[in-house]
Amino acid sequence: MIQKEQFTIKGADEKNIFGDTTYDDKNTNIGTIIFVHGFKGFKDWGAHNLIAQWFAKNGYRYVKFNLSHGGVTAQNFNDVTDMEAFADNTFSKELFDVDQVVNYVSTTYPSFPIYLIGHSRGGGLSIIKAANDERIDKLITWSSISDFSSLWKKEQEEEWTKTGKIYVENARTKEKMPLNSTLLADFNEHKEALNIVKAARKIDIPWLILHGDDDVNVKFSVAQELAQNQLNARILKIEGANHVYGASHPYASASLPEHLQQVVEKTLRFIST
């Protein structure tokens, strides 16, 4: 039977990381998948729970979590509502959170392989983590970015530094979401450690790059750039797929969108061999 267990651990600045583990209680002997969500995303966005159940049915523990400063609260797991935390986020805080979750998984389920999946900005975090942590056995990136600074416009930086804040739009709700200039300062201070392409060159474990060729958020050429910087990685194009592979939030269907079904099947084949 498919089970889901909640967990809470401490993340950056002692803020809570809320996560869950989905598994089949009769089949948990293969390994653990950790999923890292992207910018403005969260663990219960769209079809994420369906994906977790799908991998659990195929014998894997599937761990997903909310980054501590992603803006999702314990009172509402279905939207970004804590704008103060969201504004105060940095890439270093997110990498700290990912490390905390890997620590949790490696101690809770010792002796099992760990497979790291990252979507979009979570892909960038996962590349850096996999390049620097021997506990990761395989890496899979879905629609990954190759540069954290691609998430804002260069011409915004002067205003951002001067005013201390810029705003990004939530495409779904049209809400203006704040980002403090500490995000930019953190990126500039840790440019080497936050260099995704440099980390890609260091990857020495099996890596699958999946990307839709109709992704208007992160162009397919970004996947090609990553693959060119790590020739041992395998790149697969999802024909006609957008940034989220046909999913949306909320997602009411009981089955995965066609493109997302392709993604999970190709991911399963990769981690199973």
# chains A, B, ... in the order shown; residues from 1 in each chain; ligands from 1
$ residues_around --residues "Asp186 (chain A)" --least-positions-apart "2" --cutoff "10 Å" --atoms "only C-alpha atoms" --output "list in words"
Asn89, Thr90, Phe91, Ser92, Lys93, Ser181, Thr182, Leu183, Leu184, Asn188, Glu189, His190, Lys191 and Leu194 of chain A
$ closest_atom_pairs --of "region 191-251 of chain A" --to "region 95-117 of chain A" --cutoff "12 Å" --atoms "only C-alpha atoms" --output "JSON lines"
{"residue": "A:Ala193", "atom": "CA", "partner": "A:Leu95", "partner_atom": "CA", "distance": 10.3}
{"residue": "A:Leu194", "atom": "CA", "partner": "A:Leu95", "partner_atom": "CA", "distance": 9.4}
{"residue": "A:Ile205", "atom": "CA", "partner": "A:Tyr115", "partner_atom": "CA", "distance": 10.4}
{"residue": "A:Pro206", "atom": "CA", "partner": "A:Tyr115", "partner_atom": "CA", "distance": 10.0}
{"residue": "A:Trp207", "atom": "CA", "partner": "A:Leu116", "partner_atom": "CA", "distance": 9.6}
{"residue": "A:Leu208", "atom": "CA", "partner": "A:Ile117", "partner_atom": "CA", "distance": 9.5}
{"residue": "A:Ile209", "atom": "CA", "partner": "A:Ile117", "partner_atom": "CA", "distance": 10.0}
{"residue": "A:Leu210", "atom": "CA", "partner": "A:Ile117", "partner_atom": "CA", "distance": 10.5}
$ write_last_selection --atoms "N, CA, C and O atoms" --output "PDB file, in the first residue's frame"
ATOM      1  N   ALA A 193      31.167  29.461  -5.967  1.00  0.00           N
ATOM      2  CA  ALA A 193      30.430  28.332  -5.392  1.00  0.00           C
ATOM      3  C   ALA A 193      29.069  28.163  -6.038  1.00  0.00           C
ATOM      4  O   ALA A 193      28.516  27.050  -6.052  1.00  0.00           O
ATOM      5  N   LEU A 194      28.514  29.246  -6.592  1.00  0.00           N
ATOM      6  CA  LEU A 194      27.181  29.207  -7.198  1.00  0.00           C
ATOM      7  C   LEU A 194      27.234  29.124  -8.719  1.00  0.00           C
ATOM      8  O   LEU A 194      26.224  29.334  -9.387  1.00  0.00           O
ATOM      9  N   ILE A 205      29.177  11.405 -11.647  1.00  0.00           N
ATOM     10  CA  ILE A 205      28.196  10.339 -11.473  1.00  0.00           C
ATOM     11  C   ILE A 205      27.251  10.357 -12.683  1.00  0.00           C
ATOM     12  O   ILE A 205      27.226  11.346 -13.420  1.00  0.00           O
ATOM     13  N   PRO A 206      26.505   9.305 -12.914  1.00  0.00           N
ATOM     14  CA  PRO A 206      25.552   9.320 -14.029  1.00  0.00           C
ATOM     15  C   PRO A 206      24.571  10.489 -13.905  1.00  0.00           C
ATOM     16  O   PRO A 206      24.022  10.731 -12.837  1.00  0.00           O
ATOM     17  N   TRP A 207      24.365  11.193 -15.027  1.00  0.00           N
ATOM     18  CA  TRP A 207      23.517  12.392 -15.033  1.00  0.00           C
ATOM     19  C   TRP A 207      22.629  12.375 -16.264  1.00  0.00           C
ATOM     20  O   TRP A 207      23.122  12.240 -17.390  1.00  0.00           O
ATOM     21  N   LEU A 208      21.324  12.501 -16.046  1.00  0.00           N
ATOM     22  CA  LEU A 208      20.351  12.584 -17.130  1.00  0.00           C
ATOM     23  C   LEU A 208      19.769  13.991 -17.176  1.00  0.00           C
ATOM     24  O   LEU A 208      19.229  14.480 -16.176  1.00  0.00           O
ATOM     25  N   ILE A 209      19.862  14.629 -18.339  1.00  0.00           N
ATOM     26  CA  ILE A 209      19.323  15.969 -18.556  1.00  0.00           C
ATOM     27  C   ILE A 209      18.058  15.836 -19.404  1.00  0.00           C
ATOM     28  O   ILE A 209      18.121  15.409 -20.560  1.00  0.00           O
ATOM     29  N   LEU A 210      16.915  16.200 -18.837  1.00  0.00           N
ATOM     30  CA  LEU A 210      15.648  16.182 -19.563  1.00  0.00           C
ATOM     31  C   LEU A 210      15.155  17.610 -19.739  1.00  0.00           C
ATOM     32  O   LEU A 210      15.219  18.414 -18.796  1.00  0.00           O
TER      33      LEU A 210
END
$ residues_around --residues "region 121-136 of chain A" --least-positions-apart "2" --cutoff "6 Å" --atoms "only C-alpha atoms" --output "list in words"
Val36, His37, Gly38, Phe39, Ile114, Gly118, His119, Lys138, Thr141, Ser144, Ile145, Ile196, Ala199, Lys202 and Ile203 of chain A
$ select_by_dssp --residues "region 15-262 of chain A" --states "strand (DSSP E or B)" --output "MDAnalysis selection string"
chainID A and resid 16:24 27 32:36 61:65 73 76 114:119 136:142 165:169 176:180 207:212 234:238
$ residues_around --residues "Thr267 (chain A)" --least-positions-apart "3" --cutoff "8 Å" --atoms "only C-alpha atoms" --output "tab-separated table (two decimals) with N, CA and C atoms, in the first residue's frame"
chain	number	residue	atom	x	y	z
A	140	ILE	N	19.44	13.70	-11.86
A	140	ILE	CA	18.50	13.91	-12.96
A	140	ILE	C	18.03	15.36	-12.88
A	208	LEU	N	21.32	12.50	-16.05
A	208	LEU	CA	20.35	12.58	-17.13
A	208	LEU	C	19.77	13.99	-17.18
A	263	VAL	N	8.58	12.02	-18.95
A	263	VAL	CA	9.69	12.42	-18.07
A	263	VAL	C	9.91	11.39	-16.96
A	264	VAL	N	8.84	10.98	-16.28
A	264	VAL	CA	9.01	10.03	-15.17
A	264	VAL	C	9.45	8.67	-15.69
A	270	PHE	N	16.40	5.45	-16.30
A	270	PHE	CA	17.78	5.88	-16.02
A	270	PHE	C	18.25	5.42	-14.64
A	271	ILE	N	17.42	5.58	-13.63
A	271	ILE	CA	17.88	5.23	-12.28
A	271	ILE	C	17.84	3.72	-12.04
$ closest_residue --among "A:Glu175, A:Tyr251, A:Asp204, A:Leu268" --to "Tyr62 (chain A)" --atoms "only C-alpha atoms"
A:Leu268
$ select_by_dssp --residues "region 66-124 of chain A" --states "alpha helix (DSSP H)" --output "list of chain:residue names"
A:Met83, A:Glu84, A:Ala85, A:Phe86, A:Ala87, A:Phe91, A:Ser92, A:Lys93, A:Glu94, A:Leu95, A:Phe96, A:Asp97, A:Val98, A:Asp99, A:Gln100, A:Val101, A:Val102, A:Asn103, A:Tyr104, A:Val105, A:Ser106, A:Thr107, A:Thr108, A:Arg121, A:Gly122, A:Gly123, A:Gly124
$ atom_distance --atom1 "CA of Phe7 (chain A)" --atom2 "CA of Lys64 (chain A)"
10.1 Å
$ residues_around --residues "Gly246 (chain A)" --least-positions-apart "4" --cutoff "7 Å" --atoms "only C-alpha atoms" --output "PyMOL selection string"
chain A and resi 241-242+257+259-260
$ closest_residue --among "A:Gly31, A:Gly59, A:Pro250, A:Gly41" --to "Gln3 (chain A)" --atoms "only C-alpha atoms"
A:Gly59
$ atom_distance --atom1 "CA of Val197 (chain A)" --atom2 "CA of Trp152 (chain A)"
17.7 Å
$ atom_distance --atom1 "CA of Glu265 (chain A)" --atom2 "CA of Lys40 (chain A)"
25.3 Å
$ residues_around --residues "region 17-21 of chain A" --least-positions-apart "3" --cutoff "6 Å" --atoms "only C-alpha atoms" --output "PyMOL selection string"
chain A and resi 4-11+62-68
$ closest_residue --among "A:Ala12, A:Leu139, A:Met177, A:Ala185" --to "Glu94 (chain A)" --atoms "only C-alpha atoms"
A:Ala12
